[in-house]
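S.K.: Can you keep this structure in mind? I'll have questions shortly.
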Amino acid sequence: MKILVTGAAGFIGSHVSRALLERGDEVVGTDNLNSYYDVSLKEARLDLLRVYPNFRFLRIDLADREGMEELFAIERCNRVVNLAAQAGVRYSLENPHAYVDSNIVGFMNVLEGCRRHRVEHLVYASSSSVYGANETMPFSVHDNVDHPLSLYAASKKANELMAHTYSYLYSLPTTGLRFFTVYGPWGRPDMSPILFAKAIVEGRPIKVFNYGKHRRDFTYIDDITTGVLRTLDRVASPNPDWSGMSPDPGSSRAPWRVYNIGNSEPVNLLDYITALENALGRTAEKEFLPLQPGDVPDTYADVDQLMHDVNYRPETPLEEGIGKFVEWFREYYSR
């Protein structure tokens with residue numbers, strides 16, 4: 001197939017692109033290469049993809065309406081994986097307009113391109129942050145998610161609603177994936193694995209929010225990548241049992257689905273730090289701080305629906321995943 005991957009220079013996008021290329025698909029990758037974090041890391045990820053003859057990269061911003069229209073008209077891709085977004089819960093408190101531009105306007109342009117050019121299936125990144133104020137664990141796609149705690153979360157919830165209207169009005173198959181704390185090689189430097197690892201090796205204190213009482217459903221990138229590809233291959237279809245009298249929030253009478261994609265084994269943040277200390281061979285100095293605005297104390301994914309529908313099975317234990325991350329971290333940051 002010919003597949004458009006937006007955000008191909010990003011953490012998840014680069015891994016998904018590489019997996020598609022490895023199995024023989026043609027990939028058109030896009031990214032705006034913004035400076036939210038180190039652009040050289042994004043370029044290094046792209047260098048890994050450019051060695052494949054079936055990969056092409058185009059620098060474009062999702063919010064560029066004319067550019068996106070031209071992209072869809074020229075490339076005529078069979079399927080789309082939309083992983084481009086302005087990420088980060090805390091940054092959404094500082095620069096909210098960036099989230100509207102990328103995650104709302106940009107996603108609108110993706111939906112329009114898919115509709116106009118009869119894309120077979122759109123898979124897009126949602127987030128565990130949509131669960132917001134929900135406290136029932138584990139988080140289930142069959143739960144209502146109407147109480148987001150950050151603009152980032154609200155933008156991801158909006159993506160799911162926007163996708164549903166296009167699935168309903170135009171029979172466009174769409175699937176949203178709610179990612180749960182993805183980690184591994186080539187990760188984002190604004191996320192805890194690299195922030196913690198850098199601080200530990202440099203002898204600086206690490207900031208431990210919520211006094212270390214966080215629990216996160218840490219999920220290794222290879223497990224995520226496998227789940228994305230299996231979801232892409234299973235085109236979303238209507239739920240024949242869906243009823244407007246008791247509407248299921250995770251499916252529809254339209255070809256629309258949302259899934260949790262996580263490890264389904266939440267880990268205490270202090271245990272995660274211990275695994276990182278063991279892999280690095282150093283002890284972290286810790287600065288304990290209160291819960292940050294927009295953060296949720298715990299995340300825990302119920303992935304039963306994804307397991308049932310696409311045989312998703314996360315297989316990487318935390319210690320193994322952390323070991324692979326540290327191996328990459330030492331090699332990349334020693335250059």
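By order of appearance in the structure tokens: chains A, B, ..., then residues from 1 within every chain, and ligands from 1 in the order shown.
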Quick one: residues within 10 Å of A:Leu21, only C-alpha atoms, excluding same-chain residues fewer than 5 positions away - as an MDAnalysis selection string?
M.R.: chainID A and resid 3 15:16 26:27 49 52:55
S.K.: Could you please write out, as an NGL selection string, every residue of stretch 50-285 of chain A that DSSP assigns to helix (DSSP H, G or I)?
M.R.: :A and (50 or 65-75 or 91-94 or 96-116 or 128-131 or 151-170 or 192-202 or 209-212 or 221-233 or 269-280)
S.K.: Which one is closest to A:Trp186: A:Leu111, A:Val105, A:Leu41, A:Leu172? Count only C-alpha atoms.
M.R.: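 Nearest candidate to A:Trp186 out of A:Leu111, A:Val105, A:Leu41, A:Leu172: A:Leu41.
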S.K.: Can you list, as a ChimeraX atom specification, every residue of stretch 141-250 of chain A that DSSP puts in strand (DSSP E)?
M.R.: /A:174-179,182-183,206-208,215-216,219-220
S.K.: Keeping only all heavy atoms, write those residues as a short mmCIF file (atom, residue, chain, number, x, y, z; two decimals), in the first residue's frame.
M.R.:
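Output file result26.cif is given in full below:
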data_model
loop_
_atom_site.label_atom_id
_atom_site.label_comp_id
_atom_site.auth_asym_id
_atom_site.auth_seq_id
_atom_site.Cartn_x
_atom_site.Cartn_y
_atom_site.Cartn_z
N THR A 174 -12.51 5.56 10.31
CA THR A 174 -11.51 6.21 11.15
C THR A 174 -11.32 5.43 12.44
O THR A 174 -12.28 4.89 13.00
CB THR A 174 -11.89 7.66 11.50
OG1 THR A 174 -13.06 7.65 12.34
CG2 THR A 174 -12.17 8.49 10.24
N THR A 175 -10.08 5.40 12.91
CA THR A 175 -9.76 4.75 14.18
C THR A 175 -8.83 5.64 14.98
O THR A 175 -7.76 6.02 14.49
CB THR A 175 -9.08 3.39 13.96
OG1 THR A 175 -9.94 2.53 13.20
CG2 THR A 175 -8.77 2.73 15.30
N GLY A 176 -9.23 5.97 16.20
CA GLY A 176 -8.39 6.75 17.10
C GLY A 176 -7.71 5.85 18.11
O GLY A 176 -8.33 4.93 18.66
N LEU A 177 -6.43 6.09 18.35
CA LEU A 177 -5.65 5.31 19.30
C LEU A 177 -5.24 6.20 20.47
O LEU A 177 -4.53 7.19 20.29
CB LEU A 177 -4.41 4.71 18.64
CG LEU A 177 -4.68 3.62 17.59
CD1 LEU A 177 -3.38 3.24 16.88
CD2 LEU A 177 -5.31 2.40 18.26
N ARG A 178 -5.70 5.83 21.65
CA ARG A 178 -5.36 6.58 22.86
C ARG A 178 -4.06 6.02 23.44
O ARG A 178 -4.05 5.00 24.12
CB ARG A 178 -6.49 6.49 23.88
CG ARG A 178 -7.78 7.16 23.39
CD ARG A 178 -8.95 6.88 24.32
NE ARG A 178 -10.16 7.59 23.87
CZ ARG A 178 -11.37 7.40 24.39
NH1 ARG A 178 -11.54 6.51 25.37
NH2 ARG A 178 -12.41 8.08 23.93
N PHE A 179 -2.96 6.70 23.16
CA PHE A 179 -1.64 6.24 23.59
C PHE A 179 -1.43 6.47 25.08
O PHE A 179 -1.81 7.51 25.62
CB PHE A 179 -0.54 6.97 22.81
CG PHE A 179 -0.49 6.63 21.36
CD1 PHE A 179 -0.82 7.58 20.40
CD2 PHE A 179 -0.11 5.38 20.93
CE1 PHE A 179 -0.78 7.28 19.05
CE2 PHE A 179 -0.06 5.06 19.58
CZ PHE A 179 -0.40 6.01 18.64
N VAL A 182 4.23 6.32 26.13
CA VAL A 182 5.12 5.55 25.26
C VAL A 182 6.58 5.93 25.56
O VAL A 182 6.90 7.11 25.72
CB VAL A 182 4.80 5.82 23.78
CG1 VAL A 182 5.61 4.89 22.89
CG2 VAL A 182 3.30 5.66 23.53
N TYR A 183 7.47 4.92 25.62
CA TYR A 183 8.88 5.19 25.87
C TYR A 183 9.72 4.26 25.01
O TYR A 183 9.23 3.26 24.48
CB TYR A 183 9.23 5.01 27.35
CG TYR A 183 9.32 3.56 27.78
CD1 TYR A 183 10.53 2.90 27.88
CD2 TYR A 183 8.16 2.81 28.06
CE1 TYR A 183 10.61 1.57 28.24
CE2 TYR A 183 8.22 1.49 28.43
CZ TYR A 183 9.45 0.86 28.52
OH TYR A 183 9.53 -0.47 28.87
N ILE A 206 16.43 15.16 39.77
CA ILE A 206 15.29 15.00 38.87
C ILE A 206 14.04 15.49 39.58
O ILE A 206 13.90 15.36 40.80
CB ILE A 206 15.12 13.53 38.41
CG1 ILE A 206 14.83 12.61 39.60
CG2 ILE A 206 16.34 13.06 37.66
CD1 ILE A 206 14.51 11.18 39.19
N LYS A 207 13.13 16.08 38.81
CA LYS A 207 11.88 16.58 39.37
C LYS A 207 10.86 15.47 39.38
O LYS A 207 10.48 14.94 38.33
CB LYS A 207 11.38 17.77 38.55
CG LYS A 207 12.29 18.99 38.63
CD LYS A 207 11.73 20.16 37.83
CE LYS A 207 12.63 21.38 37.96
NZ LYS A 207 12.10 22.55 37.19
N VAL A 208 10.41 15.11 40.57
CA VAL A 208 9.45 14.02 40.74
C VAL A 208 8.12 14.64 41.18
O VAL A 208 7.94 15.00 42.35
CB VAL A 208 9.95 12.99 41.77
CG1 VAL A 208 8.97 11.83 41.88
CG2 VAL A 208 11.34 12.49 41.39
N ARG A 215 1.23 6.88 38.95
CA ARG A 215 1.33 5.56 38.31
C ARG A 215 1.08 5.79 36.82
O ARG A 215 0.14 6.48 36.44
CB ARG A 215 0.31 4.57 38.86
CG ARG A 215 0.59 4.08 40.26
CD ARG A 215 -0.25 2.85 40.57
NE ARG A 215 -1.66 3.07 40.26
CZ ARG A 215 -2.55 2.09 40.06
NH1 ARG A 215 -2.14 0.82 40.12
NH2 ARG A 215 -3.81 2.36 39.79
N ARG A 216 1.94 5.21 36.00
CA ARG A 216 1.83 5.38 34.56
C ARG A 216 1.87 4.03 33.86
O ARG A 216 2.60 3.12 34.27
CB ARG A 216 2.96 6.26 34.02
CG ARG A 216 2.84 7.74 34.39
CD ARG A 216 1.71 8.38 33.62
NE ARG A 216 1.55 9.80 33.94
CZ ARG A 216 0.71 10.28 34.84
NH1 ARG A 216 -0.02 9.44 35.56
NH2 ARG A 216 0.60 11.59 35.03
N THR A 219 4.55 2.04 28.14
CA THR A 219 4.41 1.10 27.04
C THR A 219 5.57 1.26 26.08
O THR A 219 5.84 2.37 25.59
CB THR A 219 3.09 1.35 26.27
OG1 THR A 219 2.02 1.53 27.20
CG2 THR A 219 2.79 0.19 25.35
N TYR A 220 6.26 0.16 25.81
CA TYR A 220 7.46 0.21 24.97
C TYR A 220 7.09 0.45 23.51
O TYR A 220 6.07 -0.06 23.02
CB TYR A 220 8.25 -1.09 25.11
CG TYR A 220 9.61 -1.04 24.45
CD1 TYR A 220 10.59 -0.16 24.90
CD2 TYR A 220 9.91 -1.86 23.37
CE1 TYR A 220 11.83 -0.11 24.29
CE2 TYR A 220 11.15 -1.81 22.76
CZ TYR A 220 12.10 -0.93 23.22
OH TYR A 220 13.33 -0.88 22.61
#
S.K.: For stretch 130-140 of chain A, find every residue with an atom within 9 Å (counting only C-alpha atoms), except residues of its own chain fewer than 2 positions away, and show them as a CSV table (one decimal) with N, CA, C and O atoms, in the first residue's frame.
M.R.:
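Wrote it out as result-v5.csv, contents follow:
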chain,number,residue,atom,x,y,z
A,126,SER,N,-4.8,9.7,19.3
A,126,SER,CA,-5.5,10.3,20.4
A,126,SER,C,-4.6,10.2,21.6
A,126,SER,O,-3.4,10.1,21.5
A,127,SER,N,-5.1,10.2,22.8
A,127,SER,CA,-4.2,10.2,24.0
A,127,SER,C,-5.0,9.8,25.2
A,127,SER,O,-6.2,10.0,25.4
A,128,SER,N,-4.3,9.1,26.2
A,128,SER,CA,-4.8,8.7,27.4
A,128,SER,C,-5.3,10.0,28.2
A,128,SER,O,-6.1,9.8,29.2
A,142,HIS,N,-15.1,2.3,26.8
A,142,HIS,CA,-16.6,2.4,27.0
A,142,HIS,C,-17.0,3.4,28.0
A,142,HIS,O,-18.2,3.5,28.3
A,143,ASP,N,-16.0,4.1,28.6
A,143,ASP,CA,-16.3,5.1,29.6
A,143,ASP,C,-16.5,6.5,28.9
A,143,ASP,O,-15.9,6.7,27.9
A,144,ASN,N,-17.4,7.3,29.5
A,144,ASN,CA,-17.5,8.7,29.0
A,144,ASN,C,-16.3,9.5,29.3
A,144,ASN,O,-15.7,9.3,30.4
A,145,VAL,N,-15.9,10.3,28.4
A,145,VAL,CA,-14.6,11.1,28.6
A,145,VAL,C,-14.9,12.6,28.3
A,145,VAL,O,-14.4,13.2,27.4
A,146,ASP,N,-15.8,13.2,29.1
A,146,ASP,CA,-16.2,14.6,28.9
A,146,ASP,C,-15.6,15.6,29.9
A,146,ASP,O,-16.1,16.7,30.0
A,147,HIS,N,-14.6,15.2,30.6
A,147,HIS,CA,-14.0,16.1,31.6
A,147,HIS,C,-12.5,16.2,31.5
A,147,HIS,O,-11.7,15.8,32.4
A,148,PRO,N,-12.0,16.7,30.3
A,148,PRO,CA,-10.5,16.8,30.1
A,148,PRO,C,-9.9,17.9,31.1
A,148,PRO,O,-10.6,18.8,31.5
A,149,LEU,N,-8.6,17.7,31.4
A,149,LEU,CA,-8.0,18.6,32.4
A,149,LEU,C,-7.0,19.5,31.8
A,149,LEU,O,-6.3,20.2,32.5
A,150,SER,N,-6.8,19.5,30.5
A,150,SER,CA,-5.9,20.4,29.8
A,150,SER,C,-6.4,20.6,28.4
A,150,SER,O,-7.2,19.8,27.8
A,152,TYR,N,-4.6,20.3,25.7
A,152,TYR,CA,-4.1,19.2,24.9
A,152,TYR,C,-5.1,18.1,24.9
A,152,TYR,O,-5.5,17.5,23.9
A,153,ALA,N,-5.6,17.7,26.1
A,153,ALA,CA,-6.6,16.6,26.2
A,153,ALA,C,-7.9,17.0,25.5
A,153,ALA,O,-8.4,16.1,24.8
A,154,ALA,N,-8.3,18.2,25.6
A,154,ALA,CA,-9.5,18.7,24.9
A,154,ALA,C,-9.4,18.6,23.4
A,154,ALA,O,-10.3,18.2,22.7
A,155,SER,N,-8.2,18.9,22.9
A,155,SER,CA,-7.9,18.8,21.5
A,155,SER,C,-8.0,17.4,21.0
A,155,SER,O,-8.4,17.1,19.9
A,156,LYS,N,-7.5,16.5,21.8
A,156,LYS,CA,-7.6,15.1,21.4
A,156,LYS,C,-9.0,14.5,21.4
A,156,LYS,O,-9.4,13.7,20.6
A,157,LYS,N,-9.7,14.9,22.4
A,157,LYS,CA,-11.2,14.6,22.5
A,157,LYS,C,-11.9,15.2,21.3
A,157,LYS,O,-12.7,14.5,20.6
A,178,ARG,N,-5.7,5.8,21.7
A,178,ARG,CA,-5.4,6.6,22.9
A,178,ARG,C,-4.1,6.0,23.4
A,178,ARG,O,-4.1,5.0,24.1
A,250,GLY,N,-17.2,4.0,22.7
A,250,GLY,CA,-16.0,3.5,22.0
A,250,GLY,C,-16.3,3.0,20.6
A,250,GLY,O,-15.4,2.6,19.9
A,259,TYR,N,-9.6,3.2,20.5
A,259,TYR,CA,-9.0,2.1,21.3
A,259,TYR,C,-8.0,2.7,22.2
A,259,TYR,O,-7.3,3.7,21.9
A,260,ASN,N,-7.9,2.0,23.4
A,260,ASN,CA,-6.7,2.3,24.2
A,260,ASN,C,-5.5,1.4,23.7
A,260,ASN,O,-5.7,0.3,23.3
A,264,SER,N,-1.2,-1.9,30.0
A,264,SER,CA,-2.2,-2.5,30.9
A,264,SER,C,-1.6,-3.0,32.2
A,264,SER,O,-2.2,-3.9,32.8
A,294,GLY,N,-3.1,20.2,35.1
A,294,GLY,CA,-3.3,19.5,33.8
A,294,GLY,C,-2.9,18.0,33.9
A,294,GLY,O,-3.3,17.2,33.1
A,295,ASP,N,-2.0,17.6,34.9
A,295,ASP,CA,-1.6,16.2,35.0
A,295,ASP,C,-2.7,15.4,35.7
A,295,ASP,O,-3.4,15.9,36.5
A,296,VAL,N,-2.7,14.1,35.4
A,296,VAL,CA,-3.6,13.2,36.2
A,296,VAL,C,-2.7,12.3,37.0
A,296,VAL,O,-1.6,12.0,36.6
A,298,ASP,N,-2.9,9.1,37.8
A,298,ASP,CA,-2.6,7.7,37.4
A,298,ASP,C,-3.2,7.5,36.0
A,298,ASP,O,-4.2,8.1,35.6
A,299,THR,N,-2.5,6.6,35.2
A,299,THR,CA,-3.1,6.1,34.0
A,299,THR,C,-3.0,4.6,34.0
A,299,THR,O,-2.0,4.0,34.4
A,300,TYR,N,-4.0,3.9,33.5
A,300,TYR,CA,-4.1,2.5,33.5
A,300,TYR,C,-5.1,2.1,32.4
A,300,TYR,O,-6.3,2.4,32.4
A,301,ALA,N,-4.5,1.5,31.3
A,301,ALA,CA,-5.3,1.2,30.1
A,301,ALA,C,-6.0,-0.2,30.2
A,301,ALA,O,-5.3,-1.2,30.4
A,302,ASP,N,-7.3,-0.2,29.9
A,302,ASP,CA,-8.0,-1.4,29.6
A,302,ASP,C,-7.9,-1.6,28.1
A,302,ASP,O,-8.4,-0.9,27.3
A,303,VAL,N,-7.1,-2.6,27.7
A,303,VAL,CA,-6.8,-2.8,26.2
A,303,VAL,C,-7.6,-4.0,25.7
A,303,VAL,O,-7.2,-4.5,24.6
A,304,ASP,N,-8.6,-4.5,26.4
A,304,ASP,CA,-9.3,-5.7,26.0
A,304,ASP,C,-9.9,-5.6,24.6
A,304,ASP,O,-9.8,-6.6,23.8
A,305,GLN,N,-10.5,-4.4,24.3
A,305,GLN,CA,-11.1,-4.3,23.0
A,305,GLN,C,-10.1,-4.4,21.9
A,305,GLN,O,-10.3,-5.0,20.8
